[in-house]
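Peer 1: Quick one, final.cif (mmCIF, C-alpha atoms):
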data_entry
#
loop_
_atom_site.label_atom_id
_atom_site.label_comp_id
_atom_site.auth_asym_id
_atom_site.auth_seq_id
_atom_site.Cartn_x
_atom_site.Cartn_y
_atom_site.Cartn_z
CA MET I 136 0.00 0.00 0.00
CA GLY I 137 2.93 2.28 -0.67
CA GLU I 138 4.28 2.43 2.87
CA ILE I 139 7.22 0.92 4.69
CA VAL I 140 5.99 -1.07 7.70
CA ASN I 141 8.00 -0.59 10.87
CA TYR I 142 9.00 -3.78 12.70
CA ASP I 143 11.96 -2.24 14.53
CA GLU I 144 11.52 -1.17 18.17
CA GLY I 145 14.52 1.09 17.68
CA THR I 146 12.60 3.26 15.24
CA VAL I 147 9.38 3.59 17.23
CA PRO I 148 8.98 7.36 17.60
CA THR I 149 8.93 9.18 20.89
CA TYR I 150 5.29 9.74 21.77
CA THR I 151 3.09 11.12 24.51
CA LEU I 152 -0.22 9.42 25.21
CA PRO I 153 -3.33 11.40 26.11
CA ASP I 154 -3.78 11.28 29.89
CA ILE I 155 -6.63 8.89 30.55
CA LEU I 156 -7.51 10.61 33.83
CA LEU I 157 -7.21 14.24 32.69
CA THR I 158 -10.35 15.91 31.35
CA ALA I 159 -10.38 18.20 28.34
CA LYS I 160 -10.56 21.13 30.78
CA GLY I 161 -7.44 19.94 32.58
CA LYS I 162 -9.11 18.48 35.65
CA LYS I 163 -7.43 15.42 37.17
CA ILE I 164 -9.85 12.57 37.88
CA LYS I 165 -9.31 11.15 41.36
CA ASN I 166 -12.34 8.98 42.08
CA VAL I 167 -14.91 6.69 40.49
CA SER I 168 -17.69 9.26 40.63
CA ALA I 169 -15.71 11.82 38.67
CA TRP I 170 -14.61 9.16 36.19
CA GLU I 171 -18.15 7.96 35.53
CA LYS I 172 -19.77 11.41 35.41
CA GLN I 173 -17.04 13.39 33.62
CA ARG I 174 -14.11 11.61 32.01
CA ARG I 175 -15.71 8.36 30.88
CA PRO I 176 -18.52 10.06 28.89
CA GLU I 177 -15.95 12.46 27.46
CA ILE I 178 -13.68 9.65 26.21
CA LEU I 179 -16.61 7.66 24.84
CA ALA I 180 -17.75 10.70 22.88
CA LEU I 181 -14.24 11.21 21.49
CA PHE I 182 -14.14 7.65 20.16
CA GLU I 183 -17.59 8.13 18.65
CA GLU I 184 -16.63 11.38 16.96
CA HIS I 185 -13.14 10.54 15.76
CA VAL I 186 -12.90 6.75 15.33
CA TYR I 187 -15.84 4.34 15.37
CA GLY I 188 -18.83 6.59 14.81
CA LYS I 189 -21.82 7.30 17.01
CA THR I 190 -24.24 4.39 17.37
CA PRO I 191 -27.90 5.37 16.96
CA ALA I 192 -29.57 5.07 20.35
CA ASN I 193 -33.02 4.03 19.19
CA PHE I 194 -34.91 1.85 16.75
CA ASP I 195 -38.59 0.97 16.54
CA SER I 196 -38.84 -2.65 17.63
CA LEU I 197 -37.10 -5.97 18.08
CA LYS I 198 -38.30 -9.57 17.77
CA PHE I 199 -36.73 -12.94 18.60
CA ILE I 200 -37.82 -16.22 17.01
CA VAL I 201 -36.33 -19.61 17.86
CA THR I 202 -36.26 -21.18 14.39
CA ASN I 203 -34.71 -24.50 15.36
CA GLU I 204 -34.20 -26.34 18.63
CA ASN I 205 -32.53 -29.59 19.64
CA LYS I 206 -32.52 -30.39 23.35
CA VAL I 207 -30.12 -33.33 22.94
CA ALA I 208 -27.44 -31.80 20.70
CA MET I 209 -23.80 -32.85 21.03
CA SER I 210 -24.85 -36.40 21.94
CA GLY I 211 -27.13 -35.11 24.64
CA LYS I 212 -24.68 -32.72 26.28
CA ALA I 213 -26.21 -29.49 25.00
CA HIS I 214 -29.43 -27.74 24.14
CA LEU I 215 -29.19 -26.10 20.71
CA LYS I 216 -31.19 -23.00 19.92
CA GLU I 217 -31.06 -21.22 16.57
CA ILE I 218 -32.54 -17.75 16.93
CA THR I 219 -33.45 -15.13 14.34
CA ILE I 220 -33.22 -11.57 15.60
CA THR I 221 -35.22 -9.00 13.63
CA ALA I 222 -35.01 -5.25 14.17
CA TRP I 223 -37.33 -2.64 12.64
CA ASN I 224 -36.83 1.07 12.09
CA ASP I 225 -38.87 3.48 9.95
CA GLY I 226 -40.82 0.66 8.35
CA ARG I 227 -37.79 -1.39 7.30
CA SER I 228 -36.26 -4.44 8.94
CA VAL I 229 -33.08 -6.51 9.14
CA SER I 230 -32.85 -10.10 10.41
CA PHE I 231 -29.78 -12.07 11.40
CA PRO I 232 -29.27 -15.55 12.88
CA VAL I 233 -27.64 -16.53 16.16
CA VAL I 234 -26.54 -20.02 17.14
CA LEU I 235 -26.55 -20.94 20.83
CA PHE I 236 -25.57 -24.11 22.70
CA ILE I 237 -26.40 -24.42 26.40
CA PRO I 238 -24.98 -27.18 28.62
CA ASN I 239 -27.63 -29.62 29.81
CA LYS I 240 -25.86 -30.69 33.00
CA ARG I 241 -26.44 -27.59 35.09
CA THR I 242 -28.62 -26.52 37.99
CA LYS I 243 -29.01 -22.84 37.16
CA PRO I 244 -28.76 -20.42 34.21
CA ALA I 245 -25.47 -20.75 32.34
CA PRO I 246 -22.80 -18.10 31.82
CA VAL I 247 -22.16 -17.65 28.11
CA PHE I 248 -19.40 -16.76 25.65
CA LEU I 249 -20.65 -14.82 22.61
CA LEU I 250 -18.35 -14.84 19.57
CA ILE I 251 -18.46 -12.20 16.85
CA ASN I 252 -17.57 -14.58 14.00
CA ASN I 253 -15.50 -12.84 11.32
CA ARG I 254 -14.38 -16.05 9.65
CA SER I 255 -16.35 -18.57 7.61
CA SER I 256 -19.80 -19.37 9.00
CA LYS I 257 -18.69 -23.02 8.88
CA ASN I 258 -16.71 -22.29 12.05
CA THR I 259 -19.98 -21.97 13.97
CA ASP I 260 -21.88 -24.81 12.28
CA PRO I 261 -25.00 -25.55 14.39
CA THR I 262 -25.17 -29.14 13.07
CA ARG I 263 -21.62 -29.83 14.33
CA MET I 264 -20.90 -31.71 11.13
CA GLU I 265 -18.02 -29.27 10.85
CA LYS I 266 -15.99 -28.38 13.91
CA SER I 267 -13.36 -25.71 14.32
CA THR I 268 -10.77 -24.68 16.87
CA PHE I 269 -11.85 -21.10 16.13
CA TRP I 270 -15.11 -21.84 18.01
CA PRO I 271 -14.58 -25.07 19.98
CA ALA I 272 -18.18 -25.37 21.11
CA GLU I 273 -17.85 -28.86 22.58
CA MET I 274 -14.90 -27.79 24.70
CA VAL I 275 -16.80 -24.81 26.08
CA ILE I 276 -19.91 -26.91 26.81
CA ASP I 277 -17.76 -29.51 28.59
CA SER I 278 -16.45 -26.68 30.76
CA GLY I 279 -19.94 -25.72 31.90
CA TYR I 280 -20.51 -22.61 29.78
CA ALA I 281 -23.00 -21.84 27.05
CA ILE I 282 -21.54 -20.68 23.74
CA ALA I 283 -23.13 -18.48 21.09
CA ALA I 284 -22.15 -16.76 17.86
CA PHE I 285 -23.39 -14.53 15.09
CA HIS I 286 -21.68 -13.80 11.77
CA HIS I 287 -20.58 -10.21 11.24
CA SER I 288 -21.45 -10.14 7.54
CA ASP I 289 -25.09 -10.96 8.27
CA VAL I 290 -25.49 -7.38 9.52
CA ALA I 291 -22.79 -5.54 7.53
CA PRO I 292 -20.92 -7.31 4.71
CA ASP I 293 -17.17 -7.10 5.26
CA ARG I 294 -16.44 -5.40 1.94
CA LYS I 295 -15.79 -1.75 1.14
CA ASP I 296 -18.30 -1.75 -1.70
CA SER I 297 -21.18 -3.42 0.14
CA TYR I 298 -20.74 -2.89 3.91
CA GLN I 299 -23.72 -0.54 3.85
CA ASN I 300 -26.07 -3.30 2.71
CA GLY I 301 -27.87 -4.52 5.81
CA VAL I 302 -28.31 -2.58 9.02
CA LEU I 303 -26.97 0.73 7.71
CA LYS I 304 -28.99 0.99 4.52
CA GLN I 305 -32.14 -0.56 5.97
CA LEU I 306 -32.29 0.84 9.49
CA PHE I 307 -29.95 3.82 9.75
CA PRO I 308 -29.26 5.24 6.26
CA ALA I 309 -28.62 8.72 7.66
CA GLU I 310 -25.41 7.41 9.24
CA LEU I 311 -23.89 6.97 5.78
CA GLU I 312 -24.07 10.73 5.20
CA LYS I 313 -22.42 11.74 8.47
CA ASP I 314 -18.68 12.16 8.97
CA ASN I 315 -19.13 10.77 12.48
CA GLY I 316 -21.67 8.14 11.44
CA MET I 317 -21.00 4.53 12.38
CA LYS I 318 -19.68 2.19 9.72
CA ALA I 319 -19.01 -1.58 9.72
CA ILE I 320 -17.44 -2.00 13.17
CA GLY I 321 -20.19 0.13 14.66
CA VAL I 322 -22.81 -2.11 13.06
CA TRP I 323 -21.14 -5.31 14.27
CA ALA I 324 -21.03 -3.88 17.80
CA TRP I 325 -24.69 -2.85 17.50
CA ALA I 326 -25.58 -6.43 16.57
CA ALA I 327 -23.71 -7.81 19.58
CA SER I 328 -25.91 -5.63 21.78
CA ARG I 329 -29.03 -7.02 20.11
CA VAL I 330 -27.86 -10.52 21.04
CA MET I 331 -27.56 -9.23 24.60
CA ASP I 332 -31.17 -8.09 24.33
CA TYR I 333 -32.09 -11.66 23.43
CA PHE I 334 -30.07 -13.16 26.30
CA LYS I 335 -32.10 -11.09 28.73
CA THR I 336 -35.21 -13.01 27.61
CA ASP I 337 -33.71 -16.52 27.81
CA LYS I 338 -34.17 -18.13 31.23
CA ASP I 339 -31.40 -20.65 30.44
CA ILE I 340 -28.77 -17.89 30.20
CA ASP I 341 -27.22 -15.97 33.09
CA PHE I 342 -27.64 -12.47 31.67
CA ASN I 343 -25.19 -11.06 34.22
CA LYS I 344 -22.38 -13.36 33.07
CA VAL I 345 -22.02 -12.73 29.35
CA ALA I 346 -18.46 -12.68 27.97
CA LEU I 347 -17.94 -11.17 24.52
CA VAL I 348 -15.23 -12.65 22.28
CA GLY I 349 -13.75 -11.39 19.04
CA HIS I 350 -10.69 -12.04 16.90
CA SER I 351 -8.83 -9.53 14.70
CA ARG I 352 -11.49 -7.13 13.36
CA GLY I 353 -13.89 -8.99 15.62
CA GLY I 354 -11.52 -8.25 18.50
CA LYS I 355 -11.64 -4.55 17.69
CA THR I 356 -15.41 -4.80 17.62
CA ALA I 357 -15.57 -6.66 20.94
CA LEU I 358 -13.66 -3.88 22.69
CA TRP I 359 -15.79 -1.13 21.15
CA SER I 360 -19.00 -3.03 21.88
CA ALA I 361 -18.10 -3.60 25.54
CA ALA I 362 -17.00 0.03 25.90
CA GLN I 363 -20.47 1.16 24.83
CA ASP I 364 -22.63 -1.58 26.30
CA GLN I 365 -21.83 -2.09 29.96
CA ARG I 366 -24.11 -5.11 30.15
CA PHE I 367 -21.25 -7.23 28.81
CA ALA I 368 -19.63 -8.51 31.99
CA MET I 369 -16.31 -9.47 30.40
CA VAL I 370 -14.52 -9.10 27.07
CA PHE I 371 -11.87 -11.15 25.25
CA SER I 372 -10.06 -9.55 22.33
CA SER I 373 -7.77 -11.78 20.25
CA CYS I 374 -4.99 -10.28 18.11
CA SER I 375 -6.95 -7.06 17.59
CA GLY I 376 -4.00 -4.84 16.63
CA SER I 377 -4.50 -1.40 15.11
CA THR I 378 -7.58 0.43 16.39
CA GLY I 379 -8.11 -2.55 18.66
CA ALA I 380 -5.82 -3.08 21.63
CA SER I 381 -2.52 -1.71 20.26
CA LEU I 382 -1.32 1.86 20.75
CA ALA I 383 -1.59 3.90 17.55
CA ARG I 384 1.16 6.35 18.42
CA ARG I 385 3.84 3.65 18.33
CA LYS I 386 3.55 3.39 14.53
CA TYR I 387 4.59 -0.26 14.67
CA GLY I 388 3.06 -2.85 12.34
CA GLU I 389 -0.32 -1.79 10.98
CA THR I 390 -0.79 1.95 11.37
CA ILE I 391 -3.85 4.18 11.17
CA SER I 392 -2.78 5.13 7.67
CA LEU I 393 -2.54 1.52 6.53
CA ILE I 394 -5.78 0.39 8.11
CA ASN I 395 -7.67 3.36 6.65
CA LYS I 396 -6.33 2.60 3.18
CA GLN I 397 -7.42 -1.01 3.27
CA PHE I 398 -10.35 -1.04 5.68
CA GLY I 399 -11.53 2.55 5.92
CA TYR I 400 -15.15 1.39 5.80
CA TRP I 401 -14.77 -0.06 9.30
CA PHE I 402 -14.46 3.43 10.83
CA ASN I 403 -16.15 6.79 10.49
CA ASN I 404 -15.00 9.38 7.96
CA ASN I 405 -13.36 11.57 10.61
CA TYR I 406 -10.78 8.86 11.35
CA LYS I 407 -9.16 9.49 7.96
CA LYS I 408 -7.95 12.88 9.23
CA TYR I 409 -5.46 11.12 11.48
CA SER I 410 -3.89 8.75 8.94
CA ASN I 411 -0.80 10.93 8.74
CA ASP I 412 -1.30 12.92 11.93
CA VAL I 413 -1.74 10.37 14.70
CA ASN I 414 -0.42 12.68 17.41
CA SER I 415 -3.39 15.01 16.98
CA LEU I 416 -5.85 12.18 17.61
CA PRO I 417 -7.43 13.03 21.00
CA VAL I 418 -7.52 9.36 22.07
CA ASP I 419 -5.36 6.26 21.92
CA GLN I 420 -6.32 2.66 22.50
CA HIS I 421 -5.44 2.46 26.20
CA MET I 422 -8.43 4.73 26.66
CA LEU I 423 -10.69 2.21 24.93
CA ILE I 424 -9.52 -0.44 27.40
CA GLY I 425 -10.16 2.01 30.23
CA LEU I 426 -13.79 2.43 29.15
CA ILE I 427 -14.37 -1.24 29.98
CA ALA I 428 -13.38 -0.80 33.64
CA PRO I 429 -14.16 -2.12 36.18
CA ARG I 430 -15.17 -5.20 34.17
CA PRO I 431 -12.47 -7.81 33.44
CA VAL I 432 -10.80 -7.58 30.03
CA TYR I 433 -8.38 -10.02 28.42
CA THR I 434 -6.37 -9.49 25.23
CA THR I 435 -4.01 -11.72 23.28
CA ASN I 436 -1.19 -11.63 20.75
CA ALA I 437 0.84 -14.19 18.80
CA THR I 438 4.55 -14.50 18.01
CA GLU I 439 4.01 -14.63 14.24
CA ASP I 440 1.70 -11.62 14.21
CA ARG I 441 3.96 -8.58 14.40
CA TRP I 442 1.40 -6.71 12.26
CA ALA I 443 -0.80 -6.45 15.40
CA ASP I 444 2.06 -4.98 17.51
CA PRO I 445 2.10 -7.35 20.52
CA TYR I 446 4.22 -5.05 22.67
CA GLY I 447 2.00 -2.05 21.88
CA SER I 448 -1.03 -4.11 22.85
CA PHE I 449 0.50 -5.01 26.20
CA LEU I 450 1.46 -1.39 26.85
CA SER I 451 -2.12 -0.36 26.16
CA LEU I 452 -3.26 -2.57 29.04
CA VAL I 453 -0.62 -1.10 31.33
CA GLN I 454 -1.73 2.42 30.46
CA ALA I 455 -5.38 1.53 31.18
CA LYS I 456 -4.54 0.37 34.70
CA PRO I 457 -5.11 3.78 36.38
CA VAL I 458 -8.84 3.49 35.69
CA TYR I 459 -9.00 0.03 37.23
CA ASP I 460 -7.04 1.41 40.19
CA LEU I 461 -9.84 3.94 40.80
CA TYR I 462 -12.21 1.01 41.33
CA GLY I 463 -9.74 -0.83 43.56
CA LYS I 464 -9.49 -3.71 41.09
CA LYS I 465 -6.59 -6.11 41.26
CA VAL I 466 -4.46 -5.60 38.17
CA ARG I 467 -1.34 -7.73 38.29
CA LEU I 468 0.50 -6.86 35.10
CA PRO I 469 4.27 -7.41 35.19
CA ALA I 470 6.69 -4.55 34.65
CA ASN I 471 7.82 -6.17 31.42
CA MET I 472 5.83 -7.95 28.74
CA PRO I 473 5.26 -11.59 29.77
CA GLY I 474 7.05 -14.40 27.99
CA VAL I 475 5.54 -16.64 25.37
CA ASN I 476 2.75 -18.92 26.64
CA LYS I 477 2.77 -17.35 30.11
CA PRO I 478 -0.82 -16.13 30.53
CA ILE I 479 -1.83 -13.52 33.09
CA ILE I 480 -5.02 -14.90 34.61
CA HIS I 481 -5.14 -13.69 38.22
CA SER I 482 -5.65 -10.06 37.27
CA ASP I 483 -8.69 -8.03 36.27
CA ILE I 484 -6.74 -7.14 33.14
CA GLY I 485 -5.55 -10.40 31.60
CA TYR I 486 -3.20 -11.10 28.72
CA HIS I 487 -1.25 -13.75 26.91
CA PHE I 488 1.37 -13.77 24.17
CA ARG I 489 1.26 -17.22 22.65
CA GLU I 490 3.32 -18.92 20.01
CA GLY I 491 1.82 -19.22 16.58
CA LYS I 492 0.01 -17.18 13.99
CA HIS I 493 -2.78 -14.60 13.79
CA ASP I 494 -5.67 -16.81 14.83
CA LEU I 495 -8.11 -17.80 17.56
CA ASN I 496 -7.45 -21.33 18.77
CA VAL I 497 -7.79 -23.86 21.58
CA TYR I 498 -4.94 -22.34 23.60
CA ASP I 499 -6.78 -18.99 23.56
CA TRP I 500 -10.12 -20.52 24.53
CA THR I 501 -8.53 -22.58 27.30
CA ASN I 502 -7.27 -19.40 28.93
CA PHE I 503 -10.52 -17.55 28.29
CA ILE I 504 -12.33 -20.30 30.20
CA ARG I 505 -9.82 -20.14 33.06
CA PHE I 506 -10.10 -16.35 33.24
CA ALA I 507 -13.89 -16.38 33.15
CA ARG I 508 -14.13 -19.10 35.78
CA LEU I 509 -11.96 -17.08 38.14
CA HIS I 510 -13.51 -13.67 37.60
CA PHE I 511 -17.09 -14.90 37.45
CA ASN I 512 -16.30 -16.80 40.66
CA LEU I 513 -17.69 -20.02 39.21
CA LYS I 514 -16.13 -22.59 41.48
CA ASP I 515 -18.89 -25.06 40.69
CA LEU I 516 -18.01 -25.16 36.99
CA ARG I 517 -15.53 -27.81 36.05
CA LEU I 518 -12.37 -26.88 34.20
CA THR I 519 -11.90 -28.22 30.71
CA SER I 520 -9.53 -31.11 30.19
CA TYR I 521 -8.46 -29.72 26.80
#
Show me this structure written as structure tokens.
Peer 2:
Amino acid sequence: MGEIVNYDEGTVPTYTLPDILLTAKGKKIKNVSAWEKQRRPEILALFEEHVYGKTPANFDSLKFIVTNENKVAMSGKAHLKEITITAWNDGRSVSFPVVLFIPNKRTKPAPVFLLINNRSSKNTDPTRMEKSTFWPAEMVIDSGYAIAAFHHSDVAPDRKDSYQNGVLKQLFPAELEKDNGMKAIGVWAWAASRVMDYFKTDKDIDFNKVALVGHSRGGKTALWSAAQDQRFAMVFSSCSGSTGASLARRKYGETISLINKQFGYWFNNNYKKYSNDVNSLPVDQHMLIGLIAPRPVYTTNATEDRWADPYGSFLSLVQAKPVYDLYGKKVRLPANMPGVNKPIIHSDIGYHFREGKHDLNVYDWTNFIRFARLHFNLKDLRLTSY
């Protein structure tokens, strides 16, 4: 794309991050009340205006239909529900499917992992004729959790020439004309919140223990979705890189300029202003992590994925810690980036840097399950043997 990609720590520029606890008027935030009433809304508005776009607050109506059900799926271990979610606005509608497996051997509503699937829909095959380590549903069920997924392209196709077909064109066409209007990532995050709306109606799901999961562009979306929708109790972001978990000002791997050239339709029009002027951007990604506080957040990187700037992603977590400190949360991040395959679990901000490529796999899910079990305080759920 006509740019030299920096993979040399020695050439990372000197940078100054926006102070996560300093308001635009220069007031230092010293307590939770001031954070929640002043700085948090301010930061959220900055991300809306300059990066992801502002999500429309209202629509006319919502309907859930269970289109298929199998109470003895996975050889009797799980209850399968296939749900169609339909939203209406101004006389037009959009429908998208959700697949959900709930463990049968339980005595109360199940905590659930919800995946924003940005890979082939075969990865989340409800028939289980095809199985994938990207969404190891059997493993999650065996661990005592429910597992759900929707496909991102069912609400906004992941293409620059057709992303508007779906939720944007049908429900919120005015957003396409606004410089701060939401684009693809905003739509995917909006859809995740509609799945949350469904979970609230399902007596088999513990609505207060919903963990959102995303990989790559889905990982960016998971962070943005959880930042906006505080009903998500926990978020896992895998290899999310630029405009996900990694710091933009480091200019390492994929930059704002590169991501806007290739995937500009993910973000609002205003974000293009910062392609070659990142230091004037009023936010950086540590502030996105901070918006999730005090809820647990866990991000990942991989050794063969320098494009996503693993070190910059870890530093983003470190720089978000002051917000978690306001809440008195236990954040046990080491002074230096942890070694390969040494996950940080016993911390409200979790992280691992695993060997391998840009992917979501069994190693990732194993640690997600461990982290969720600890922070949801689910001592009665058995650990997976995978």
Peer 1: One decimal, in Å: what's the spacing between CA of Arg489 in chain I and CA of Val475 in chain I?
Peer 2: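 CA of Val475 in chain I lies 5.1 Å from CA of Arg489 in chain I.
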Peer 1: Restricting the calculation to all atoms listed in the file, which member of I:Tyr433, I:Tyr298, I:Tyr446, I:Phe307 is positioned closest to Asn193 in chain I?
Peer 2: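 So, comparing all the options, the nearest one is I:Phe307.
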Peer 1: Near Ala383 in chain I, within 10 Å and counting all atoms listed in the file, which residues show up once chain neighbours fewer than 6 positions away are dropped, as a list in words?
Peer 2: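 The filter keeps Tyr150, Leu152, Gly376, Ser377, Glu389, Thr390, Ile391, Val413, Asn414, Leu416, Val418, Asp419, Gln420, His421, Asp444, Gly447, Ser448 and Ser451 of chain I.
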Peer 1: What is the distance between CA of Asp225 in chain I and CA of Pro191 in chain I, in Å to one decimal?
Peer 2: 13.2 Å
Peer 1: Suppose a student applies the PyMOL selection byres ((chain I and resi 479) around 9) to this structure; what residues should they get, written as a PyMOL selection string?
Peer 2: chain I and resi 433+467-469+473+477-478+480-482+484-487+506
Peer 1: Need to verify the contact set: range 396-405 of chain I, 8 Å, all atoms listed in the file, exclusion of same-chain residues closer than 5 positions in sequence. Can you return it as a ChimeraX atom specification?
Peer 2: /I:136,184-188,294-295,298,313-321
Peer 1: From the list I:Gln365, I:Ser410, I:Asn471, I:Thr434, which residue is nearest Glu138 in chain I when using all atoms listed in the file?
Peer 2: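 For Glu138 in chain I, the nearest of the given residues is I:Ser410.
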Peer 1: So what does the PyMOL selection byres ((chain I and resi 139) around 12) actually pick up in this one, as a short mmCIF file (atom, residue, chain, number, x, y, z; two decimals) with C-alpha atoms, in the coordinates of the input?
Peer 2:
data_model
loop_
_atom_site.label_atom_id
_atom_site.label_comp_id
_atom_site.auth_asym_id
_atom_site.auth_seq_id
_atom_site.Cartn_x
_atom_site.Cartn_y
_atom_site.Cartn_z
CA MET I 136 0.00 0.00 0.00
CA GLY I 137 2.93 2.28 -0.67
CA GLU I 138 4.28 2.43 2.87
CA VAL I 140 5.99 -1.07 7.70
CA ASN I 141 8.00 -0.59 10.87
CA TYR I 142 9.00 -3.78 12.70
CA ASP I 143 11.96 -2.24 14.53
CA LYS I 386 3.55 3.39 14.53
CA TYR I 387 4.59 -0.26 14.67
CA GLY I 388 3.06 -2.85 12.34
CA GLU I 389 -0.32 -1.79 10.98
CA THR I 390 -0.79 1.95 11.37
CA SER I 392 -2.78 5.13 7.67
CA LEU I 393 -2.54 1.52 6.53
#
Peer 1: Name the residues, using the chain letters and numbers of the file, that sit within 7 Å of (-6.5, -14.2, 20.9) when counting all atoms listed in the file, and give them as a tab-separated table (two decimals) with C-alpha atoms, keeping the file's coordinate frame.
Peer 2:
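Final file, out_23.tsv:
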chain	number	residue	atom	x	y	z
I	350	HIS	CA	-10.69	-12.04	16.90
I	372	SER	CA	-10.06	-9.55	22.33
I	373	SER	CA	-7.77	-11.78	20.25
I	374	CYS	CA	-4.99	-10.28	18.11
I	434	THR	CA	-6.37	-9.49	25.23
I	435	THR	CA	-4.01	-11.72	23.28
I	436	ASN	CA	-1.19	-11.63	20.75
I	494	ASP	CA	-5.67	-16.81	14.83
I	495	LEU	CA	-8.11	-17.80	17.56
I	499	ASP	CA	-6.78	-18.99	23.56
Peer 1: Let me make sure I understand: among I:Lys304, I:His493, I:Arg263, I:Lys464, which one has the smallest atom-to-atom distance to Gly354 in chain I if we use all atoms listed in the file?
Peer 2: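 Among the listed residues, I:His493 lies closest to Gly354 in chain I.
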Peer 1: Set the distance at 12 Å and use only C-alpha atoms: which residues neighbour Ala455 in chain I once local chain neighbours fewer than 4 positions away are removed? I'd like the list as a PyMOL selection string.
Peer 2: chain I and resi 152-156+380-382+419-429+431-432+448-451+459-461+464+466+468+483-485
Peer 1: Would you compute the distance between CA of Val233 in chain I and CA of Val290 in chain I? Give it in Å to one decimal.
Peer 2: 11.5 Å
Peer 1: Choose the residue, out of I:Phe367, I:Pro308, I:Ser230, I:Lys240, that has the smallest atom-to-atom separation from Lys344 in chain I; count all atoms listed in the file.
Peer 2: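 Residue with the minimum atom-to-atom distance to Lys344 in chain I: I:Phe367.
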Peer 1: What lies within 7 Å of range 268-277 of chain I using only C-alpha atoms, ignoring chain neighbours under 5 positions off, as an MDAnalysis selection string?
Peer 2: chainID I and resid 237:238 258:259 282 495:497 519
Peer 1: Using the chain letters and numbers from the file, give me the residues hit by the PyMOL selection byres ((chain I and resi 490) around 8), as a list of chain:residue names.
Peer 2: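 Checked against the file, the PyMOL selection byres ((chain I and resi 490) around 8) matches I:Ala437, I:Thr438, I:Glu439, I:Val475, I:Asn476, I:Phe488, I:Arg489, I:Gly491, I:Lys492.
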Peer 1: Save out the residues we just selected, C-alpha atoms, as an mmCIF file, in the coordinates of the input.
Peer 2:
data_model
loop_
_atom_site.group_PDB
_atom_site.id
_atom_site.type_symbol
_atom_site.label_atom_id
_atom_site.label_comp_id
_atom_site.auth_asym_id
_atom_site.auth_seq_id
_atom_site.Cartn_x
_atom_site.Cartn_y
_atom_site.Cartn_z
ATOM 1 C CA ALA I 437 0.840 -14.190 18.800
ATOM 2 C CA THR I 438 4.550 -14.500 18.010
ATOM 3 C CA GLU I 439 4.010 -14.630 14.240
ATOM 4 C CA VAL I 475 5.540 -16.640 25.370
ATOM 5 C CA ASN I 476 2.750 -18.920 26.640
ATOM 6 C CA PHE I 488 1.370 -13.770 24.170
ATOM 7 C CA ARG I 489 1.260 -17.220 22.650
ATOM 8 C CA GLY I 491 1.820 -19.220 16.580
ATOM 9 C CA LYS I 492 0.010 -17.180 13.990
#
Peer 1: Leaving out Lys162 in chain I and any residue of its chain fewer than 4 positions from it, which residues lie within 10 Å of it when counting all atoms listed in the file, given as a ChimeraX atom specification?
Peer 2: /I:156-158,169,173-174
Peer 1: Would you mind completing range 180-190 of chain I so that it carries N, CA and C atoms, and writing it out as a JSON list (two decimals), keeping the file's coordinate frame?
Peer 2:
[["chain", "number", "residue", "atom", "x", "y", "z"],
["I", 180, "ALA", "N", -17.34, 9.78, 23.94],
["I", 180, "ALA", "CA", -17.75, 10.70, 22.88],
["I", 180, "ALA", "C", -16.62, 10.97, 21.90],
["I", 181, "LEU", "N", -15.38, 11.00, 22.38],
["I", 181, "LEU", "CA", -14.24, 11.21, 21.49],
["I", 181, "LEU", "C", -14.06, 10.03, 20.54],
["I", 182, "PHE", "N", -14.23, 8.81, 21.04],
["I", 182, "PHE", "CA", -14.14, 7.65, 20.16],
["I", 182, "PHE", "C", -15.28, 7.64, 19.14],
["I", 183, "GLU", "N", -16.46, 8.05, 19.58],
["I", 183, "GLU", "CA", -17.59, 8.13, 18.65],
["I", 183, "GLU", "C", -17.30, 9.14, 17.54],
["I", 184, "GLU", "N", -16.82, 10.29, 17.91],
["I", 184, "GLU", "CA", -16.63, 11.38, 16.96],
["I", 184, "GLU", "C", -15.45, 11.16, 16.02],
["I", 185, "HIS", "N", -14.38, 10.58, 16.53],
["I", 185, "HIS", "CA", -13.14, 10.54, 15.76],
["I", 185, "HIS", "C", -12.74, 9.17, 15.24],
["I", 186, "VAL", "N", -13.37, 8.09, 15.71],
["I", 186, "VAL", "CA", -12.90, 6.75, 15.33],
["I", 186, "VAL", "C", -14.04, 5.87, 14.82],
["I", 187, "TYR", "N", -14.90, 5.41, 15.71],
["I", 187, "TYR", "CA", -15.84, 4.34, 15.37],
["I", 187, "TYR", "C", -17.21, 4.83, 14.90],
["I", 188, "GLY", "N", -17.52, 6.08, 15.16],
["I", 188, "GLY", "CA", -18.83, 6.59, 14.81],
["I", 188, "GLY", "C", -19.81, 6.46, 15.97],
["I", 189, "LYS", "N", -20.82, 7.29, 15.93],
["I", 189, "LYS", "CA", -21.82, 7.30, 17.01],
["I", 189, "LYS", "C", -22.94, 6.32, 16.67],
["I", 190, "THR", "N", -23.20, 5.39, 17.57],
["I", 190, "THR", "CA", -24.24, 4.39, 17.37],
["I", 190, "THR", "C", -25.61, 4.99, 17.64]]
